[in-house]
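File shown: final_10.pdb. Contents: PDB, C-alpha atoms.
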```
ATOM      1  CA  MET A  14      -9.763 -33.862  25.721
ATOM      2  CA  GLU A  15     -12.995 -32.015  25.059
ATOM      3  CA  THR A  16     -14.504 -31.175  21.708
ATOM      4  CA  ALA A  17     -13.616 -27.664  20.672
ATOM      5  CA  GLU A  18     -16.830 -27.046  18.734
ATOM      6  CA  LYS A  19     -19.701 -29.427  18.136
ATOM      7  CA  ASN A  20     -21.291 -27.399  15.369
ATOM      8  CA  SER A  21     -19.956 -24.891  12.915
ATOM      9  CA  ALA A  22     -21.705 -21.541  12.945
ATOM     10  CA  LEU A  23     -20.600 -20.943   9.369
ATOM     11  CA  GLY A  24     -22.928 -23.198   7.431
ATOM     12  CA  TYR A  25     -20.585 -26.191   7.411
ATOM     13  CA  GLY A  26     -23.057 -28.302   9.377
ATOM     14  CA  LYS A  27     -22.139 -30.956  11.906
ATOM     15  CA  PRO A  28     -18.750 -32.698  11.683
ATOM     16  CA  PRO A  29     -17.205 -34.723  10.253
ATOM     17  CA  TRP A  30     -16.865 -32.355   7.317
ATOM     18  CA  VAL A  31     -16.438 -34.200   4.023
ATOM     19  CA  PHE A  32     -14.276 -33.012   1.109
ATOM     20  CA  LYS A  33     -13.993 -34.741  -2.280
ATOM     21  CA  GLY A  34     -11.547 -34.087  -5.102
ATOM     22  CA  SER A  35      -7.852 -34.671  -5.806
ATOM     23  CA  ALA A  36      -4.601 -33.588  -4.190
ATOM     24  CA  LEU A  37      -0.812 -33.610  -4.293
ATOM     25  CA  TYR A  38       0.993 -34.279  -0.998
ATOM     26  CA  GLN A  39       4.675 -33.357  -1.253
ATOM     27  CA  LEU A  40       7.194 -33.984   1.530
ATOM     28  CA  HIS A  41      10.205 -31.697   1.959
ATOM     29  CA  LEU A  42      13.275 -31.562   4.166
ATOM     30  CA  VAL A  43      12.741 -28.334   6.107
ATOM     31  CA  LYS A  44      15.370 -26.679   8.272
ATOM     32  CA  ALA A  45      14.515 -27.168  11.918
ATOM     33  CA  GLU A  46      15.123 -23.486  12.715
ATOM     34  CA  THR A  47      12.579 -22.523  10.053
ATOM     35  CA  ALA A  48       9.942 -24.928  11.399
ATOM     36  CA  ARG A  49      10.416 -23.805  15.013
ATOM     37  CA  ALA A  50       9.302 -20.282  14.101
ATOM     38  CA  PHE A  51       5.775 -21.662  13.630
ATOM     39  CA  ILE A  52       5.545 -24.317  16.351
ATOM     40  CA  PRO A  53       4.631 -23.591  20.017
ATOM     41  CA  LYS A  54       7.623 -23.796  22.333
ATOM     42  CA  GLU A  55       6.191 -26.616  24.446
ATOM     43  CA  PHE A  56       6.278 -28.987  21.473
ATOM     44  CA  ARG A  57       9.272 -31.109  20.660
ATOM     45  CA  LEU A  58      10.135 -31.004  16.958
ATOM     46  CA  VAL A  59      10.848 -34.342  15.281
ATOM     47  CA  GLU A  60      14.193 -33.649  13.628
ATOM     48  CA  ALA A  61      17.458 -35.231  12.528
ATOM     49  CA  PHE A  62      20.684 -33.512  11.477
ATOM     50  CA  GLY A  63      19.010 -30.103  11.665
ATOM     51  CA  TYR A  64      16.010 -30.978   9.480
ATOM     52  CA  THR A  65      12.382 -31.963   9.978
ATOM     53  CA  LEU A  66       9.740 -33.310   7.578
ATOM     54  CA  GLY A  67       7.467 -30.644   6.141
ATOM     55  CA  GLY A  68       6.155 -29.764   2.699
ATOM     56  CA  PHE A  69       2.710 -28.999   1.350
ATOM     57  CA  PHE A  70      -0.736 -30.417   0.566
ATOM     58  CA  LEU A  71      -2.236 -28.956  -2.622
ATOM     59  CA  ALA A  72      -5.881 -29.893  -3.157
ATOM     60  CA  ASN A  73      -8.723 -29.136  -5.518
ATOM     61  CA  TYR A  74     -12.100 -29.910  -3.937
ATOM     62  CA  GLU A  75     -14.967 -30.594  -6.316
ATOM     63  CA  ASP A  76     -17.440 -31.125  -3.472
ATOM     64  CA  SER A  77     -17.249 -29.749   0.063
ATOM     65  CA  PRO A  78     -19.309 -27.809   2.634
ATOM     66  CA  ALA A  79     -17.871 -24.657   1.012
ATOM     67  CA  GLY A  80     -18.438 -25.837  -2.558
ATOM     68  CA  ILE A  81     -15.631 -25.966  -5.123
ATOM     69  CA  PHE A  82     -12.339 -24.440  -4.010
ATOM     70  CA  ASP A  83      -8.546 -24.851  -4.016
ATOM     71  CA  GLU A  84      -6.364 -25.247  -0.941
ATOM     72  CA  LEU A  85      -2.638 -25.091  -0.264
ATOM     73  CA  VAL A  86      -1.572 -26.266   3.199
ATOM     74  CA  VAL A  87       2.065 -25.420   3.922
ATOM     75  CA  ILE A  88       3.382 -27.883   6.519
ATOM     76  CA  ALA A  89       6.167 -26.517   8.716
ATOM     77  CA  GLY A  90       7.190 -29.828  10.252
ATOM     78  CA  ILE A  91       6.346 -32.758  12.494
ATOM     79  CA  VAL A  92       5.989 -32.504  16.274
ATOM     80  CA  TRP A  93       6.205 -35.350  18.757
ATOM     81  CA  ASN A  94       2.965 -36.402  20.424
ATOM     82  CA  PRO A  95       3.484 -39.752  22.218
ATOM     83  CA  PRO A  96       2.939 -42.414  21.066
ATOM     84  CA  THR A  97       2.868 -40.890  17.580
ATOM     85  CA  SER A  98       3.606 -37.604  15.822
ATOM     86  CA  CYS A  99       1.487 -34.864  14.233
ATOM     87  CA  ALA A 100       1.951 -32.295  11.482
ATOM     88  CA  TRP A 101       1.854 -28.550  12.108
ATOM     89  CA  ALA A 102       0.529 -26.216   9.388
ATOM     90  CA  ALA A 103       2.501 -23.016   8.883
ATOM     91  CA  ARG A 104      -0.078 -21.449   6.578
ATOM     92  CA  VAL A 105      -3.286 -22.440   4.781
ATOM     93  CA  LEU A 106      -4.263 -20.680   1.546
ATOM     94  CA  VAL A 107      -7.796 -21.057   0.135
ATOM     95  CA  ASN A 108      -9.733 -19.257  -2.603
ATOM     96  CA  SER A 109     -12.966 -19.318  -0.609
ATOM     97  CA  ASP A 110     -13.976 -16.804   2.044
ATOM     98  CA  LYS A 111     -16.260 -19.380   3.651
ATOM     99  CA  ALA A 112     -13.492 -22.002   3.834
ATOM    100  CA  CYS A 113     -11.075 -19.410   5.248
ATOM    101  CA  VAL A 114     -13.390 -18.391   8.098
ATOM    102  CA  HIS A 115     -14.203 -22.023   8.856
ATOM    103  CA  GLY A 116     -10.505 -22.935   8.979
ATOM    104  CA  ARG A 117      -9.724 -20.045  11.307
ATOM    105  CA  LYS A 118     -12.588 -20.358  13.775
ATOM    106  CA  ASP A 119     -13.617 -24.020  13.675
ATOM    107  CA  VAL A 120     -10.280 -25.775  13.107
ATOM    108  CA  GLY A 121      -7.795 -23.217  14.459
ATOM    109  CA  LEU A 122      -5.795 -23.034  11.229
ATOM    110  CA  PRO A 123      -3.700 -20.050  10.062
ATOM    111  CA  SER A 124      -5.951 -19.638   7.013
ATOM    112  CA  GLN A 125      -5.668 -16.846   4.457
ATOM    113  CA  VAL A 126      -7.654 -16.054   1.334
ATOM    114  CA  ALA A 127      -5.623 -16.431  -1.850
ATOM    115  CA  ASN A 128      -5.917 -16.426  -5.629
ATOM    116  CA  PHE A 129      -4.980 -19.594  -7.508
ATOM    117  CA  THR A 130      -4.120 -18.837 -11.145
ATOM    118  CA  LYS A 131      -3.704 -21.944 -13.301
ATOM    119  CA  SER A 132      -2.110 -22.045 -16.742
ATOM    120  CA  LEU A 133      -0.954 -24.800 -19.072
ATOM    121  CA  THR A 134       2.521 -24.693 -20.573
ATOM    122  CA  ALA A 135       3.556 -26.747 -23.597
ATOM    123  CA  LEU A 136       6.746 -28.758 -23.147
ATOM    124  CA  PRO A 137       9.008 -30.169 -25.848
ATOM    125  CA  VAL A 138       8.393 -33.869 -26.464
ATOM    126  CA  THR A 139      11.274 -35.987 -25.218
ATOM    127  CA  LYS A 140      12.189 -39.454 -26.329
ATOM    128  CA  ARG A 141      11.108 -42.203 -23.963
ATOM    129  CA  GLY A 142      13.783 -44.132 -22.161
ATOM    130  CA  ARG A 143      13.668 -47.872 -21.659
ATOM    131  CA  PHE A 144      12.089 -47.458 -18.226
ATOM    132  CA  GLY A 145       9.412 -45.142 -19.621
ATOM    133  CA  CYS A 146       8.575 -47.632 -22.371
ATOM    134  CA  PHE A 147       8.213 -50.386 -19.789
ATOM    135  CA  LEU A 148       5.820 -48.259 -17.694
ATOM    136  CA  ASN A 149       3.808 -47.502 -20.824
ATOM    137  CA  LYS A 150       3.456 -51.214 -21.631
ATOM    138  CA  ILE A 151       2.056 -52.053 -18.213
ATOM    139  CA  GLY A 152      -0.245 -49.020 -18.183
ATOM    140  CA  MET A 153       1.547 -46.984 -15.479
ATOM    141  CA  ALA A 154       2.914 -44.204 -17.670
ATOM    142  CA  ASP A 155       0.904 -41.171 -18.700
ATOM    143  CA  SER A 156      -0.313 -40.995 -22.269
ATOM    144  CA  PRO A 157       2.041 -39.188 -24.701
ATOM    145  CA  ASP A 158      -0.389 -36.334 -25.336
ATOM    146  CA  LYS A 159      -0.546 -35.493 -21.631
ATOM    147  CA  GLU A 160       3.221 -35.453 -21.247
ATOM    148  CA  LYS A 161       3.433 -32.416 -23.528
ATOM    149  CA  ASN A 162       1.866 -30.110 -20.951
ATOM    150  CA  CYS A 163       2.637 -28.836 -17.491
ATOM    151  CA  MET A 164       0.343 -26.869 -15.239
ATOM    152  CA  ASP A 165       1.634 -23.810 -13.453
ATOM    153  CA  ILE A 166      -0.338 -22.818 -10.347
ATOM    154  CA  ARG A 167       0.538 -19.373  -9.032
ATOM    155  CA  VAL A 168      -0.659 -18.623  -5.527
ATOM    156  CA  LYS A 169      -1.168 -15.021  -4.454
ATOM    157  CA  GLU A 170      -2.201 -14.219  -0.918
ATOM    158  CA  MET A 171      -4.820 -11.513  -0.428
ATOM    159  CA  ASN A 172      -4.118  -9.089   2.410
ATOM    160  CA  ASN A 173      -6.417  -6.071   2.836
ATOM    161  CA  HIS A 174      -7.273  -6.205  -0.882
ATOM    162  CA  ILE A 175      -3.564  -6.296  -1.747
ATOM    163  CA  SER A 176      -2.301  -9.268  -3.760
ATOM    164  CA  LEU A 177       1.010 -10.691  -2.501
ATOM    165  CA  ASP A 178       2.789 -13.207  -4.700
ATOM    166  CA  LEU A 179       3.630 -16.282  -2.610
ATOM    167  CA  CYS A 180       4.840 -19.060  -4.905
ATOM    168  CA  SER A 181       4.383 -20.928  -8.146
ATOM    169  CA  ILE A 182       3.908 -24.711  -8.308
ATOM    170  CA  ASN A 183       4.682 -26.407 -11.614
ATOM    171  CA  ILE A 184       3.346 -29.936 -12.019
ATOM    172  CA  THR A 185       2.636 -32.357 -14.816
ATOM    173  CA  ALA A 186      -0.843 -31.515 -16.099
ATOM    174  CA  ALA A 187      -1.771 -35.184 -16.261
ATOM    175  CA  ALA A 188      -1.341 -35.452 -12.504
ATOM    176  CA  MET A 189      -4.070 -32.862 -11.923
ATOM    177  CA  ALA A 190      -6.377 -34.223 -14.628
ATOM    178  CA  ALA A 191      -6.776 -37.689 -13.151
ATOM    179  CA  SER A 192     -10.337 -38.817 -12.711
ATOM    180  CA  GLN A 193     -12.304 -41.957 -12.131
ATOM    181  CA  ASN A 194     -13.282 -42.019 -15.790
ATOM    182  CA  ASP A 195      -9.718 -41.899 -17.088
ATOM    183  CA  THR A 196      -9.140 -45.589 -17.748
ATOM    184  CA  ARG A 197      -5.897 -44.948 -19.626
ATOM    185  CA  LYS A 198      -4.068 -43.988 -16.475
ATOM    186  CA  TRP A 199      -2.978 -46.142 -13.553
ATOM    187  CA  MET A 200      -4.073 -44.253 -10.438
ATOM    188  CA  GLY A 201      -2.584 -46.540  -7.811
ATOM    189  CA  PRO A 202      -4.155 -48.788  -5.190
ATOM    190  CA  ALA A 203      -7.146 -47.802  -3.083
ATOM    191  CA  ILE A 204      -6.062 -47.009   0.468
ATOM    192  CA  LYS A 205      -7.341 -45.586   3.741
ATOM    193  CA  MET A 206      -5.221 -43.485   6.101
ATOM    194  CA  SER A 207      -5.442 -41.059   8.982
ATOM    195  CA  LEU A 208      -3.444 -37.820   9.098
ATOM    196  CA  PRO A 209      -3.360 -36.377  12.646
ATOM    197  CA  SER A 210      -2.500 -32.705  13.057
ATOM    198  CA  PHE A 211      -2.192 -30.005  15.706
ATOM    199  CA  SER A 212      -3.586 -26.499  15.233
ATOM    200  CA  GLY A 213      -4.700 -23.443  17.161
ATOM    201  CA  ARG A 214      -2.774 -20.796  19.072
ATOM    202  CA  THR A 215      -3.935 -18.163  16.587
ATOM    203  CA  GLU A 216      -5.666 -14.822  17.031
ATOM    204  CA  TYR A 217      -8.932 -16.447  15.906
ATOM    205  CA  ASN A 218      -8.670 -19.571  18.072
ATOM    206  CA  PRO A 219      -6.263 -19.345  21.046
ATOM    207  CA  HIS A 220      -6.793 -22.965  22.155
ATOM    208  CA  LEU A 221      -4.285 -25.689  21.339
ATOM    209  CA  LEU A 222      -6.230 -28.165  19.201
ATOM    210  CA  LYS A 223      -5.811 -31.608  17.716
ATOM    211  CA  TYR A 224      -7.802 -32.994  14.802
ATOM    212  CA  SER A 225      -7.553 -35.808  12.268
ATOM    213  CA  CYS A 226      -8.315 -36.259   8.585
ATOM    214  CA  GLN A 227      -9.633 -39.675   7.563
ATOM    215  CA  ILE A 228      -8.670 -40.192   3.932
ATOM    216  CA  GLU A 229      -9.845 -42.642   1.291
ATOM    217  CA  CYS A 230      -8.194 -42.365  -2.113
ATOM    218  CA  ARG A 231      -6.241 -43.936  -4.944
ATOM    219  CA  LEU A 232      -2.588 -43.276  -4.167
ATOM    220  CA  ARG A 233       0.504 -43.284  -6.342
ATOM    221  CA  ALA A 234       3.978 -41.754  -6.269
ATOM    222  CA  VAL A 235       4.655 -39.040  -8.864
ATOM    223  CA  PRO A 236       7.633 -36.807  -9.728
ATOM    224  CA  PRO A 237       7.863 -33.878  -7.285
ATOM    225  CA  ALA A 238       6.405 -30.574  -8.411
ATOM    226  CA  LYS A 239       8.821 -27.716  -9.031
ATOM    227  CA  VAL A 240       8.258 -24.777  -6.698
ATOM    228  CA  SER A 241       9.516 -21.260  -7.326
ATOM    229  CA  GLY A 242       9.246 -18.207  -5.125
ATOM    230  CA  PRO A 243       7.619 -14.823  -5.774
ATOM    231  CA  SER A 244       8.313 -13.300  -9.165
ATOM    232  CA  THR A 245       9.084 -10.008  -7.431
ATOM    233  CA  SER A 246       9.974  -9.717  -3.774
ATOM    234  CA  SER A 247      11.867  -7.231  -1.696
ATOM    235  CA  THR A 248      12.970 -10.009   0.636
ATOM    236  CA  ASN A 249      15.011 -13.056  -0.220
ATOM    237  CA  PRO A 250      13.252 -16.018   1.433
ATOM    238  CA  GLU A 251      16.443 -18.057   1.559
ATOM    239  CA  THR A 252      18.151 -15.469   3.706
ATOM    240  CA  THR A 253      15.180 -14.332   5.810
ATOM    241  CA  SER A 254      16.328 -14.565   8.511
ATOM    242  CA  GLU A 255      18.170 -14.197  11.281
ATOM    243  CA  THR A 256      15.577 -11.745  12.590
ATOM    244  CA  GLY A 257      12.780 -13.909  11.276
ATOM    245  CA  PHE A 258      14.078 -16.975  13.077
ATOM    246  CA  ALA A 259      14.560 -14.986  16.261
ATOM    247  CA  THR A 260      11.031 -13.628  16.422
ATOM    248  CA  GLY A 261       8.861 -14.787  13.515
ATOM    249  CA  ASP A 262       6.149 -12.527  14.897
ATOM    250  CA  SER A 263       5.385 -10.145  12.044
ATOM    251  CA  SER A 264       3.193 -11.156   9.116
ATOM    252  CA  GLU A 265       6.087 -10.425   6.763
ATOM    253  CA  ASP A 266       8.383 -12.736   8.716
ATOM    254  CA  LYS A 267       5.793 -15.507   8.665
ATOM    255  CA  ARG A 268       5.218 -15.055   4.956
ATOM    256  CA  ASN A 269       8.927 -15.216   4.137
ATOM    257  CA  LEU A 270       9.397 -18.279   6.332
ATOM    258  CA  THR A 271       6.434 -19.908   4.584
ATOM    259  CA  ILE A 272       8.172 -19.326   1.259
ATOM    260  CA  SER A 273      11.318 -20.915   2.717
ATOM    261  CA  VAL A 274       9.310 -24.060   3.543
ATOM    262  CA  MET A 275       7.917 -24.192   0.003
ATOM    263  CA  LEU A 276      11.404 -23.776  -1.499
ATOM    264  CA  SER A 277      12.997 -26.486   0.659
ATOM    265  CA  LYS A 278      14.211 -29.756  -0.826
ATOM    266  CA  PRO A 279      11.462 -32.181  -1.960
ATOM    267  CA  ILE A 280      11.973 -35.868  -1.244
ATOM    268  CA  LEU A 281       8.636 -37.518  -2.117
ATOM    269  CA  ALA A 282       5.400 -36.596  -3.902
ATOM    270  CA  LEU A 283       2.142 -38.526  -3.611
ATOM    271  CA  GLU A 284      -0.894 -38.044  -5.827
ATOM    272  CA  PHE A 285      -4.326 -38.540  -4.244
ATOM    273  CA  ASN A 286      -6.994 -39.412  -6.800
ATOM    274  CA  CYS A 287     -10.682 -40.083  -6.101
ATOM    275  CA  LEU A 288     -10.075 -38.357  -2.781
ATOM    276  CA  LYS A 289     -12.642 -38.451   0.005
ATOM    277  CA  MET A 290     -11.496 -36.733   3.186
ATOM    278  CA  LYS A 291     -13.430 -36.575   6.445
ATOM    279  CA  VAL A 292     -12.257 -33.940   8.923
ATOM    280  CA  GLU A 293     -13.288 -34.584  12.517
ATOM    281  CA  ALA A 294     -14.140 -31.789  14.917
ATOM    282  CA  PRO A 295     -10.993 -30.620  16.744
ATOM    283  CA  THR A 296     -10.497 -31.411  20.394
ATOM    284  CA  ILE A 297      -8.858 -29.094  22.911
ATOM    285  CA  VAL A 298      -5.510 -30.380  24.171
ATOM    286  CA  PRO A 299      -5.150 -30.016  27.952
ATOM    287  CA  GLN A 300      -2.327 -27.815  29.155
TER     288      GLN A 300
END
```

Can the structure from this file be put into structure tokens for me?
Amino acid sequence: METAEKNSALGYGKPPWVFKGSALYQLHLVKAETARAFIPKEFRLVEAFGYTLGGFFLANYEDSPAGIFDELVVIAGIVWNPPTSCAWAARVLVNSDKACVHGRKDVGLPSQVANFTKSLTALPVTKRGRFGCFLNKIGMADSPDKEKNCMDIRVKEMNNHISLDLCSINITAAAMAASQNDTRKWMGPAIKMSLPSFSGRTEYNPHLLKYSCQIECRLRAVPPAKVSGPSTSSTNPETTSETGFATGDSSEDKRNLTISVMLSKPILALEFNCLKMKVEAPTIVPQ
């Protein structure tokens, strides 16, 4: 395989590109027919009983080649690439024009510019159960004052200066406020991992590409975030689609199928604190 691009022409500098911040990686059971609408036909989808493993990666980067920005990567599913498997992104939403252009041209991602509106919501204080008290004693539970709030992140995609409501992600505010200086919170063990992914086959980068993200972080399991669909929509994402599954070609079809992925059943959520992610330059996959 050859390197797709050795240097970015967009001010990102030479790869690997380094991103630092925090993130939530949530795995969902996604219907195989939904995932196939995004994945090239020559790929074999990793599935069982009509479902594949998708979900989303929600990140806030405090330091990156594009500066500070938010990112939501919607993962359609997993494709087989012997001897391992790789994720396929259905859509990437970023609130940075520079990051959007870089994702499209340098990495072959289906990137779109979006608005991320964040708001805190007060929750009624609930009595701790025995398990919660035990976690508090060993320092793994969040502090009581942080449990009173949740953060709602509403993502609106920008299309020709028109704002299109995509989804809302509701998470415990403490999960997004973790930092190296917060000694009251157990942030999990320090780990290193590699997340391989396929990309490309877009109007901005027609090549089929493969790239990897080398991640260093503090990792811990957290309760899954609650995802809701658009507040107003003319199309029901849960029923999109017999025509959407048949073609999936129009931007409206893709958008509705993306919402279907976000609204699928969550099975695991992982919080990445003290995140440092190195993204290698993509390589072109031979036909």

Could you tell me how far CA of Glu60 in chain A sits from CA of Arg214 in chain A, in Å to one decimal place?
22.0 Å

When the PyMOL selection byres ((chain A and resi 38) around 9) is applied to the file above, which residues end up in the set, as a list in words?
Ala36, Leu37, Gln39, Leu40, Gly68, Phe69, Phe70, Leu71, Ala72, Leu281, Ala282, Leu283, Glu284 and Phe285 of chain A

Please expand the PyMOL selection byres ((chain A and resi 22-33) around 8) into the concrete residues it hits in this file, giving the result as a ChimeraX atom specification.
/A:19-21,34-35,74-79,111,114-115,287-294

Deliver the residues from the most recent selection as a file, using C-alpha atoms, as a PDB file, in the coordinates of the input.
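And here is the file that came out, result21.pdb:
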```pdb
ATOM      1  CA  LYS A  19     -19.701 -29.427  18.136  1.00  0.00           C
ATOM      2  CA  ASN A  20     -21.291 -27.399  15.369  1.00  0.00           C
ATOM      3  CA  SER A  21     -19.956 -24.891  12.915  1.00  0.00           C
ATOM      4  CA  GLY A  34     -11.547 -34.087  -5.102  1.00  0.00           C
ATOM      5  CA  SER A  35      -7.852 -34.671  -5.806  1.00  0.00           C
ATOM      6  CA  TYR A  74     -12.100 -29.910  -3.937  1.00  0.00           C
ATOM      7  CA  GLU A  75     -14.967 -30.594  -6.316  1.00  0.00           C
ATOM      8  CA  ASP A  76     -17.440 -31.125  -3.472  1.00  0.00           C
ATOM      9  CA  SER A  77     -17.249 -29.749   0.063  1.00  0.00           C
ATOM     10  CA  PRO A  78     -19.309 -27.809   2.634  1.00  0.00           C
ATOM     11  CA  ALA A  79     -17.871 -24.657   1.012  1.00  0.00           C
ATOM     12  CA  LYS A 111     -16.260 -19.380   3.651  1.00  0.00           C
ATOM     13  CA  VAL A 114     -13.390 -18.391   8.098  1.00  0.00           C
ATOM     14  CA  HIS A 115     -14.203 -22.023   8.856  1.00  0.00           C
ATOM     15  CA  CYS A 287     -10.682 -40.083  -6.101  1.00  0.00           C
ATOM     16  CA  LEU A 288     -10.075 -38.357  -2.781  1.00  0.00           C
ATOM     17  CA  LYS A 289     -12.642 -38.451   0.005  1.00  0.00           C
ATOM     18  CA  MET A 290     -11.496 -36.733   3.186  1.00  0.00           C
ATOM     19  CA  LYS A 291     -13.430 -36.575   6.445  1.00  0.00           C
ATOM     20  CA  VAL A 292     -12.257 -33.940   8.923  1.00  0.00           C
ATOM     21  CA  GLU A 293     -13.288 -34.584  12.517  1.00  0.00           C
ATOM     22  CA  ALA A 294     -14.140 -31.789  14.917  1.00  0.00           C
TER      23      ALA A 294
END
```

Point (-2.8, -23.9, 13.9), cut-off 7 Å, counting only C-alpha atoms, residues as JSON, numbers by chain
{"A": [101, 102, 121, 122, 123, 211, 212, 213, 214, 215]}

Run through the PyMOL selection byres ((chain A and resi 67) around 10) on the given coordinates and return the selected residues as a ChimeraX atom specification.
/A:39-45,48,64-66,68-70,87-91,100-103,274-275,277-279

Output for the residues just chosen: C-alpha atoms as a short mmCIF file (atom, residue, chain, number, x, y, z; two decimals), in the coordinates of the input:
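Written out: out26.cif:
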```cif
data_model
loop_
_atom_site.label_atom_id
_atom_site.label_comp_id
_atom_site.auth_asym_id
_atom_site.auth_seq_id
_atom_site.Cartn_x
_atom_site.Cartn_y
_atom_site.Cartn_z
CA GLN A 39 4.68 -33.36 -1.25
CA LEU A 40 7.19 -33.98 1.53
CA HIS A 41 10.20 -31.70 1.96
CA LEU A 42 13.28 -31.56 4.17
CA VAL A 43 12.74 -28.33 6.11
CA LYS A 44 15.37 -26.68 8.27
CA ALA A 45 14.52 -27.17 11.92
CA ALA A 48 9.94 -24.93 11.40
CA TYR A 64 16.01 -30.98 9.48
CA THR A 65 12.38 -31.96 9.98
CA LEU A 66 9.74 -33.31 7.58
CA GLY A 68 6.16 -29.76 2.70
CA PHE A 69 2.71 -29.00 1.35
CA PHE A 70 -0.74 -30.42 0.57
CA VAL A 87 2.06 -25.42 3.92
CA ILE A 88 3.38 -27.88 6.52
CA ALA A 89 6.17 -26.52 8.72
CA GLY A 90 7.19 -29.83 10.25
CA ILE A 91 6.35 -32.76 12.49
CA ALA A 100 1.95 -32.30 11.48
CA TRP A 101 1.85 -28.55 12.11
CA ALA A 102 0.53 -26.22 9.39
CA ALA A 103 2.50 -23.02 8.88
CA VAL A 274 9.31 -24.06 3.54
CA MET A 275 7.92 -24.19 0.00
CA SER A 277 13.00 -26.49 0.66
CA LYS A 278 14.21 -29.76 -0.83
CA PRO A 279 11.46 -32.18 -1.96
#
```

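We find CA of Asn73 in chain A and CA of Lys267 in chain A to be spaced 24.4 Å apart.
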
Given all atoms listed in the file as the basis, pick out the residue of A:Asn128, A:Asn183, A:Ser273, A:Ser244 nearest to Glu84 in chain A.
A:Asn128

Quote the spacing between CA of Asp83 in chain A and CA of Ser109 in chain A in Å to one decimal place.
7.9 Å
